[in-house]
$ cat coords-v4.txt   # compact mmCIF, C-alpha atoms
# COMPACT_ATOMS: atom_id res chain seq x y z
CA MET Q 1 -17.04 90.67 -17.60
CA THR Q 2 -20.53 89.35 -16.90
CA ARG Q 3 -23.69 91.36 -17.41
CA ILE Q 4 -24.11 91.75 -13.63
CA ASP Q 5 -20.55 93.09 -13.29
CA ALA Q 6 -21.09 95.51 -16.19
CA CYS Q 7 -24.30 96.83 -14.62
CA ALA Q 8 -22.56 97.25 -11.26
CA GLN Q 9 -19.75 99.28 -12.84
CA SER Q 10 -22.16 101.63 -14.63
CA SER Q 11 -24.83 101.83 -11.91
CA GLY Q 12 -26.11 105.16 -10.70
CA LEU Q 13 -25.51 103.86 -7.16
CA ARG Q 14 -21.86 103.08 -7.93
CA GLU Q 15 -20.58 106.03 -5.87
CA VAL Q 16 -22.56 105.10 -2.75
CA ASN Q 17 -20.48 103.51 0.00
CA ALA Q 18 -20.48 99.71 -0.39
CA GLY Q 19 -20.88 99.11 3.34
CA LEU Q 20 -23.96 101.33 3.43
CA LYS Q 21 -25.51 99.47 0.49
CA LEU Q 22 -24.76 96.10 2.07
CA LEU Q 23 -26.34 97.21 5.36
CA LEU Q 24 -29.38 98.78 3.68
CA PHE Q 25 -30.30 95.95 1.32
CA SER Q 26 -29.52 93.26 3.91
CA ALA Q 27 -31.79 95.00 6.42
CA VAL Q 28 -34.71 95.34 3.99
CA LEU Q 29 -34.22 91.73 2.87
CA VAL Q 30 -34.57 90.56 6.48
CA ALA Q 31 -37.62 92.81 6.88
CA ALA Q 32 -39.26 91.37 3.76
CA VAL Q 33 -38.69 87.80 4.92
CA ALA Q 34 -39.76 88.53 8.51
CA ALA Q 35 -42.96 90.36 7.53
CA LYS Q 36 -46.13 88.54 8.53
CA HIS Q 37 -48.34 90.20 5.93
CA MET Q 38 -47.82 89.87 2.21
CA TRP Q 39 -48.35 93.57 1.49
CA VAL Q 40 -45.25 94.57 3.48
CA ALA Q 41 -43.00 92.27 1.45
CA ALA Q 42 -44.70 93.46 -1.75
CA VAL Q 43 -44.08 97.13 -0.93
CA ILE Q 44 -40.44 96.42 -0.05
CA GLY Q 45 -39.94 94.46 -3.27
CA CYS Q 46 -41.54 97.15 -5.44
CA THR Q 47 -39.58 100.00 -3.86
CA VAL Q 48 -36.30 98.10 -4.17
CA CYS Q 49 -37.06 97.47 -7.85
CA LEU Q 50 -37.73 101.19 -8.32
CA ILE Q 51 -34.45 102.08 -6.59
CA THR Q 52 -32.54 99.66 -8.83
CA VAL Q 53 -34.14 100.77 -12.10
CA TRP Q 54 -34.75 104.47 -11.46
CA ILE Q 55 -31.87 105.57 -9.22
CA GLY Q 56 -29.47 102.80 -10.22
CA LYS Q 57 -30.26 103.42 -13.92
CA ILE Q 58 -30.38 99.70 -14.71
CA PRO Q 59 -32.39 99.12 -17.92
CA VAL Q 60 -35.82 97.68 -17.18
CA ARG Q 61 -35.35 94.95 -19.79
CA VAL Q 62 -32.05 93.84 -18.23
CA PHE Q 63 -33.43 93.84 -14.70
CA PHE Q 64 -36.52 91.81 -15.49
CA SER Q 65 -34.57 89.38 -17.68
CA LEU Q 66 -32.33 88.70 -14.67
CA MET Q 67 -35.40 88.23 -12.48
CA THR Q 68 -36.91 85.69 -14.88
CA VAL Q 69 -34.85 82.66 -13.81
CA PRO Q 70 -35.34 83.01 -10.02
CA ALA Q 71 -39.00 83.89 -10.62
CA ALA Q 72 -39.45 80.58 -12.47
CA PHE Q 73 -37.94 78.66 -9.54
CA VAL Q 74 -40.13 80.56 -7.08
CA LEU Q 75 -43.23 79.79 -9.13
CA LEU Q 76 -42.44 76.07 -9.21
CA SER Q 77 -41.80 76.07 -5.45
CA SER Q 78 -45.09 77.87 -4.87
CA LEU Q 79 -46.93 75.18 -6.85
CA ALA Q 80 -45.57 72.61 -4.41
CA LEU Q 81 -47.16 74.59 -1.56
CA LEU Q 82 -50.38 75.15 -3.48
CA PHE Q 83 -51.32 71.47 -3.77
CA ASP Q 84 -51.91 69.07 -0.89
CA VAL Q 85 -52.95 65.41 -0.61
CA SER Q 86 -56.17 64.60 1.24
CA ALA Q 87 -58.17 61.44 1.92
CA GLU Q 88 -61.38 63.20 0.89
CA ALA Q 89 -62.43 65.90 -1.55
CA ALA Q 90 -61.99 69.33 0.01
CA GLY Q 91 -61.05 72.90 -0.77
CA VAL Q 92 -61.67 74.88 -3.94
CA LEU Q 93 -60.21 72.17 -6.21
CA SER Q 94 -60.09 68.39 -5.83
CA LEU Q 95 -58.45 66.00 -8.29
CA PRO Q 96 -58.60 62.21 -7.75
CA LEU Q 97 -55.15 60.65 -7.46
CA PHE Q 98 -54.56 56.95 -6.68
CA GLY Q 99 -57.45 56.65 -4.26
CA ARG Q 100 -56.80 60.04 -2.68
CA TYR Q 101 -57.35 63.64 -3.72
CA LEU Q 102 -54.98 66.35 -4.81
CA VAL Q 103 -56.60 69.42 -3.29
CA VAL Q 104 -56.16 73.17 -3.32
CA THR Q 105 -57.44 74.94 -0.21
CA GLN Q 106 -57.74 78.60 0.69
CA LEU Q 107 -55.00 78.09 3.30
CA SER Q 108 -52.61 76.59 0.73
CA GLN Q 109 -53.37 79.43 -1.71
CA ALA Q 110 -52.53 82.01 0.95
CA ALA Q 111 -49.31 80.18 1.90
CA ALA Q 112 -48.20 79.90 -1.74
CA LYS Q 113 -48.84 83.60 -2.43
CA HIS Q 114 -47.11 84.61 0.80
CA VAL Q 115 -43.97 82.59 0.08
CA MET Q 116 -43.86 83.70 -3.56
CA VAL Q 117 -44.08 87.41 -2.74
CA LYS Q 118 -41.48 87.11 0.04
CA ALA Q 119 -39.06 85.18 -2.16
CA LEU Q 120 -39.39 87.64 -5.05
CA ALA Q 121 -38.89 90.60 -2.70
CA ALA Q 122 -35.77 88.98 -1.22
CA THR Q 123 -34.44 88.26 -4.73
CA ALA Q 124 -35.02 91.89 -5.70
CA CYS Q 125 -32.97 92.99 -2.67
CA LEU Q 126 -30.09 90.71 -3.65
CA TYR Q 127 -30.15 91.96 -7.23
CA ALA Q 128 -30.26 95.56 -6.01
CA LEU Q 129 -27.01 94.93 -4.13
CA SER Q 130 -25.25 92.95 -6.86
CA LEU Q 131 -26.29 95.35 -9.66
CA SER Q 132 -25.03 98.41 -7.78
CA THR Q 133 -21.84 97.15 -6.11
CA PRO Q 134 -18.82 95.61 -7.88
CA PHE Q 135 -17.78 92.27 -6.42
CA SER Q 136 -14.35 93.59 -5.41
CA GLU Q 137 -15.97 96.24 -3.21
CA LEU Q 138 -18.24 93.66 -1.58
CA ILE Q 139 -15.22 91.53 -0.76
CA GLY Q 140 -13.53 94.58 0.76
CA VAL Q 141 -16.54 95.17 3.03
CA LEU Q 142 -16.66 91.50 4.04
CA ARG Q 143 -12.98 91.63 4.98
CA LYS Q 144 -13.62 94.70 7.13
CA ILE Q 145 -16.31 92.89 9.11
CA ARG Q 146 -13.91 89.94 9.63
CA VAL Q 147 -15.57 87.32 7.43
CA PRO Q 148 -13.15 84.33 7.23
CA GLU Q 149 -10.93 84.29 4.15
CA LEU Q 150 -12.02 80.74 3.34
CA VAL Q 151 -15.65 81.87 3.07
CA ILE Q 152 -14.70 84.82 0.85
CA GLU Q 153 -12.57 82.60 -1.39
CA LEU Q 154 -15.29 79.97 -1.79
CA MET Q 155 -17.90 82.64 -2.47
CA PHE Q 156 -15.81 84.23 -5.22
CA LEU Q 157 -14.74 80.97 -6.88
CA ILE Q 158 -18.27 79.56 -6.89
CA TYR Q 159 -19.57 82.82 -8.34
CA ARG Q 160 -16.99 82.81 -11.13
CA TYR Q 161 -17.24 79.10 -11.95
CA VAL Q 162 -21.02 79.32 -12.29
CA PHE Q 163 -20.44 81.72 -15.17
CA VAL Q 164 -17.73 79.45 -16.59
CA LEU Q 165 -20.35 76.69 -16.64
CA LEU Q 166 -22.97 78.93 -18.27
CA ARG Q 167 -20.55 80.20 -20.91
CA THR Q 168 -19.51 76.65 -21.79
CA LEU Q 169 -23.15 75.59 -22.08
CA SER Q 170 -23.92 78.57 -24.32
CA GLU Q 171 -21.04 77.69 -26.65
CA LEU Q 172 -22.16 74.05 -26.83
CA GLN Q 173 -25.70 75.16 -27.66
CA THR Q 174 -24.43 77.46 -30.42
CA ALA Q 175 -22.29 74.68 -31.90
CA ALA Q 176 -25.20 72.22 -31.83
CA ALA Q 177 -27.56 74.75 -33.43
CA ALA Q 178 -25.01 75.48 -36.19
CA ARG Q 179 -25.05 71.77 -37.08
CA LEU Q 180 -28.89 71.73 -37.05
CA GLY Q 181 -28.69 69.50 -34.00
CA PHE Q 182 -32.06 70.67 -32.69
CA HIS Q 183 -33.96 69.74 -35.85
CA GLY Q 184 -36.65 67.26 -34.83
CA ALA Q 185 -37.24 65.45 -31.55
CA LYS Q 186 -34.65 62.75 -32.20
CA GLY Q 187 -31.95 65.25 -33.11
CA THR Q 188 -32.79 67.39 -30.09
CA PHE Q 189 -32.44 64.48 -27.65
CA ARG Q 190 -29.18 63.39 -29.29
CA SER Q 191 -27.73 66.90 -29.12
CA ALA Q 192 -28.87 67.37 -25.51
CA ALA Q 193 -27.19 64.10 -24.50
CA GLY Q 194 -23.99 65.11 -26.23
CA MET Q 195 -24.04 68.54 -24.62
CA MET Q 196 -24.51 67.11 -21.15
CA GLY Q 197 -21.67 64.69 -21.74
CA GLY Q 198 -19.28 67.38 -22.92
CA LEU Q 199 -20.35 70.07 -20.47
CA LEU Q 200 -18.71 68.52 -17.40
CA THR Q 201 -15.44 67.74 -19.20
CA LEU Q 202 -15.09 71.17 -20.79
CA SER Q 203 -16.10 73.01 -17.61
CA LEU Q 204 -13.58 71.11 -15.48
CA ARG Q 205 -10.89 71.81 -18.07
CA ARG Q 206 -11.65 75.53 -18.09
CA ALA Q 207 -11.86 75.67 -14.30
CA SER Q 208 -8.46 73.98 -14.08
CA ALA Q 209 -7.01 76.46 -16.59
CA ALA Q 210 -8.44 79.36 -14.57
CA PHE Q 211 -6.87 78.01 -11.37
CA ASP Q 212 -3.52 77.55 -13.15
CA ALA Q 213 -3.73 81.19 -14.24
CA MET Q 214 -4.35 82.23 -10.63
CA GLU Q 215 -1.31 80.29 -9.44
CA ALA Q 216 0.79 81.82 -12.24
CA ARG Q 217 -0.11 85.21 -10.73
CA CYS Q 218 1.28 84.11 -7.33
CA TYR Q 219 -2.03 83.04 -5.77
CA ASP Q 220 -1.28 82.01 -2.17
CA GLY Q 221 -4.77 81.33 -0.84
CA THR Q 222 -5.76 84.97 -0.41
CA LEU Q 223 -7.72 86.79 -3.10
CA ARG Q 224 -6.52 90.34 -3.67
CA PHE Q 225 -8.53 92.90 -5.61
CA PHE Q 226 -8.00 96.50 -6.53
CA SER Q 227 -11.02 98.45 -5.42
CA ARG Q 228 -11.74 102.08 -4.71
CA GLU Q 229 -13.71 102.85 -1.59
CA SER Q 230 -16.53 105.35 -2.01
CA PRO Q 231 -16.82 107.72 0.95
CA LEU Q 232 -19.79 107.54 3.29
CA THR Q 233 -21.59 110.86 2.86
CA LEU Q 234 -24.20 112.45 5.10
CA ARG Q 235 -26.67 112.74 2.20
CA HIS Q 236 -26.50 109.04 1.40
CA GLY Q 237 -26.80 108.18 5.09
CA ILE Q 238 -29.94 110.32 5.41
CA TYR Q 239 -31.55 108.71 2.37
CA ALA Q 240 -30.77 105.19 3.58
CA GLY Q 241 -31.89 105.97 7.12
CA THR Q 242 -35.16 107.47 5.90
CA TYR Q 243 -35.92 104.39 3.83
CA LEU Q 244 -35.09 102.08 6.74
CA LEU Q 245 -37.31 104.11 9.06
CA ALA Q 246 -40.17 103.78 6.57
CA VAL Q 247 -39.66 99.99 6.47
CA VAL Q 248 -39.59 99.83 10.28
CA ALA Q 249 -42.78 101.93 10.40
CA MET Q 250 -44.50 99.42 8.10
CA LEU Q 251 -43.41 96.53 10.33
CA VAL Q 252 -44.67 98.35 13.44
CA ALA Q 253 -48.00 99.11 11.74
CA GLU Q 254 -48.22 95.45 10.75
CA MET Q 255 -47.68 94.30 14.34
CA ASN Q 256 -50.24 96.78 15.68
CA SER Q 257 -52.84 95.67 13.14
CA SER Q 258 -52.38 91.99 13.99
CA SER Q 259 -52.49 92.49 17.77

$ encode --input "coords-v4.txt" --output "structure tokens"
Amino acid sequence: MTRIDACAQSSGLREVNAGLKLLLFSAVLVAAVAAKHMWVAAVIGCTVCLITVWIGKIPVRVFFSLMTVPAAFVLLSSLALLFDVSAEAAGVLSLPLFGRYLVVTQLSQAAAKHVMVKALAATACLYALSLSTPFSELIGVLRKIRVPELVIELMFLIYRYVFVLLRTLSELQTAAAARLGFHGAKGTFRSAAGMMGGLLTLSLRRASAAFDAMEARCYDGTLRFFSRESPLTLRHGIYAGTYLLAVVAMLVAEMNSSS
């Protein structure tokens, strides 16, 4: 069981209906991405984080450690938006580069901040869903809304095989460290090359073994999971509806302020 699955099983939102959670977090994700002003996405992201940590009872350390990897990718992507190439020096920063200038303008700063906040808010929404809803329940909801079986199967297998890849890499890193393979620059490069060479082979072997195990359990192209369906209660519906109304009110206020 992965850390995300363990958090989903023990979440304080575990008893909330999976369809309601999927609808709620999908709606606020769309709202965060569609917002024109950065503050709306920031408020949505912060409130979703509070829901996950406070109501969902996910440890703060676990939540922010999970956010670290996507945050690093978002930061690197924002740097690409921050810098622009210009024929002349302009903006708040200008660096000469092969006869041109690498510049940072106020417009590029605003665009980078806007994209970064939106992306982090959307990531928080996805984590809120995955850390509160077991994967089997999500698949049950997707089947109810008639998502094609091929899409569900690919989604599940990709999700599982990503963790197969990560577990294999972790074991290779542990083995290399036990042999002092990361001692010095030369040893580090040699160990990294060996790990990359063995990672593909071992991962494919484990993926093949996992598929053989599925076929041994009479896998016929349809994934079947045991899942218990949490009832949709009036109290949960009121809470979710109130939060959605607050998000809609922010979007309306945003549109009125920009018009």

$ atom_distance --input "coords-v4.txt" --atom1 "CA of Phe98 (chain Q)" --atom2 "CA of Ser86 (chain Q)"
11.1 Å

$ residues_around --input "coords-v4.txt" --residues "Ala119 (chain Q)" --least-positions-apart "4" --cutoff "7 Å" --atoms "only C-alpha atoms" --output "PDB file with C-alpha atoms, in the coordinates of the input"
ATOM      1  CA  VAL Q  74     -40.130  80.560  -7.080  1.00  0.00           C
ATOM      2  CA  VAL Q 115     -43.970  82.590   0.080  1.00  0.00           C
ATOM      3  CA  THR Q 123     -34.440  88.260  -4.730  1.00  0.00           C
TER       4      THR Q 123
END

$ closest_residue --input "coords-v4.txt" --among "Q:Ala41, Q:Ala124, Q:Leu50, Q:Leu22" --to "Thr68 (chain Q)" --atoms "all atoms listed in the file"
Q:Ala124

$ residues_around --input "coords-v4.txt" --residues "Thr47 (chain Q)" --least-positions-apart "6" --cutoff "12 Å" --atoms "all atoms listed in the file" --output "PyMOL selection string"
chain Q and resi 25+28-29+32+40-41+53-55+121-122+124-125+128+243-244+246-247

$ closest_residue --input "coords-v4.txt" --among "Q:Ser94, Q:Thr105, Q:Thr174, Q:Thr133" --to "Lys21 (chain Q)" --atoms "only C-alpha atoms"
Q:Thr133

$ closest_residue --input "coords-v4.txt" --among "Q:Gly197, Q:Gly12, Q:Gly56, Q:Gly140" --to "Arg228 (chain Q)" --atoms "only C-alpha atoms"
Q:Gly140

$ closest_residue --input "coords-v4.txt" --among "Q:Ile238, Q:Leu223, Q:Val62, Q:Ala27" --to "Arg143 (chain Q)" --atoms "all atoms listed in the file"
Q:Leu223

$ residues_near_point --input "coords-v4.txt" --point "(-24.3, 95.5, -3.9)" --cutoff "9 Å" --atoms "only C-alpha atoms" --output "tab-separated table (two decimals) with C-alpha atoms, keeping the file's coordinate frame"
chain	number	residue	atom	x	y	z
Q	8	ALA	CA	-22.56	97.25	-11.26
Q	14	ARG	CA	-21.86	103.08	-7.93
Q	18	ALA	CA	-20.48	99.71	-0.39
Q	19	GLY	CA	-20.88	99.11	3.34
Q	21	LYS	CA	-25.51	99.47	0.49
Q	22	LEU	CA	-24.76	96.10	2.07
Q	25	PHE	CA	-30.30	95.95	1.32
Q	126	LEU	CA	-30.09	90.71	-3.65
Q	127	TYR	CA	-30.15	91.96	-7.23
Q	128	ALA	CA	-30.26	95.56	-6.01
Q	129	LEU	CA	-27.01	94.93	-4.13
Q	130	SER	CA	-25.25	92.95	-6.86
Q	131	LEU	CA	-26.29	95.35	-9.66
Q	132	SER	CA	-25.03	98.41	-7.78
Q	133	THR	CA	-21.84	97.15	-6.11
Q	134	PRO	CA	-18.82	95.61	-7.88
Q	135	PHE	CA	-17.78	92.27	-6.42
Q	137	GLU	CA	-15.97	96.24	-3.21
Q	138	LEU	CA	-18.24	93.66	-1.58

$ closest_residue --input "coords-v4.txt" --among "Q:Glu153, Q:Glu15, Q:Glu88, Q:Asp212" --to "His236 (chain Q)" --atoms "only C-alpha atoms"
Q:Glu15

$ axis_aligned_box --input "coords-v4.txt" --around "region 104-116 of chain Q" --padding-each-side "4 Å" --output "AutoDock Vina command-line options"
--center_x -50.8 --center_y 78.9 --center_z -0.1 --size_x 21.9 --size_y 19.4 --size_z 14.9

$ residues_around --input "coords-v4.txt" --residues "Leu150 (chain Q)" --least-positions-apart "4" --cutoff "12 Å" --atoms "only C-alpha atoms" --output "ChimeraX atom specification"
/Q:139,142-143,146,154-157,221-223

$ closest_residue --input "coords-v4.txt" --among "Q:Arg190, Q:His37, Q:Arg160, Q:His114" --to "Asp5 (chain Q)" --atoms "all atoms listed in the file"
Q:Arg160
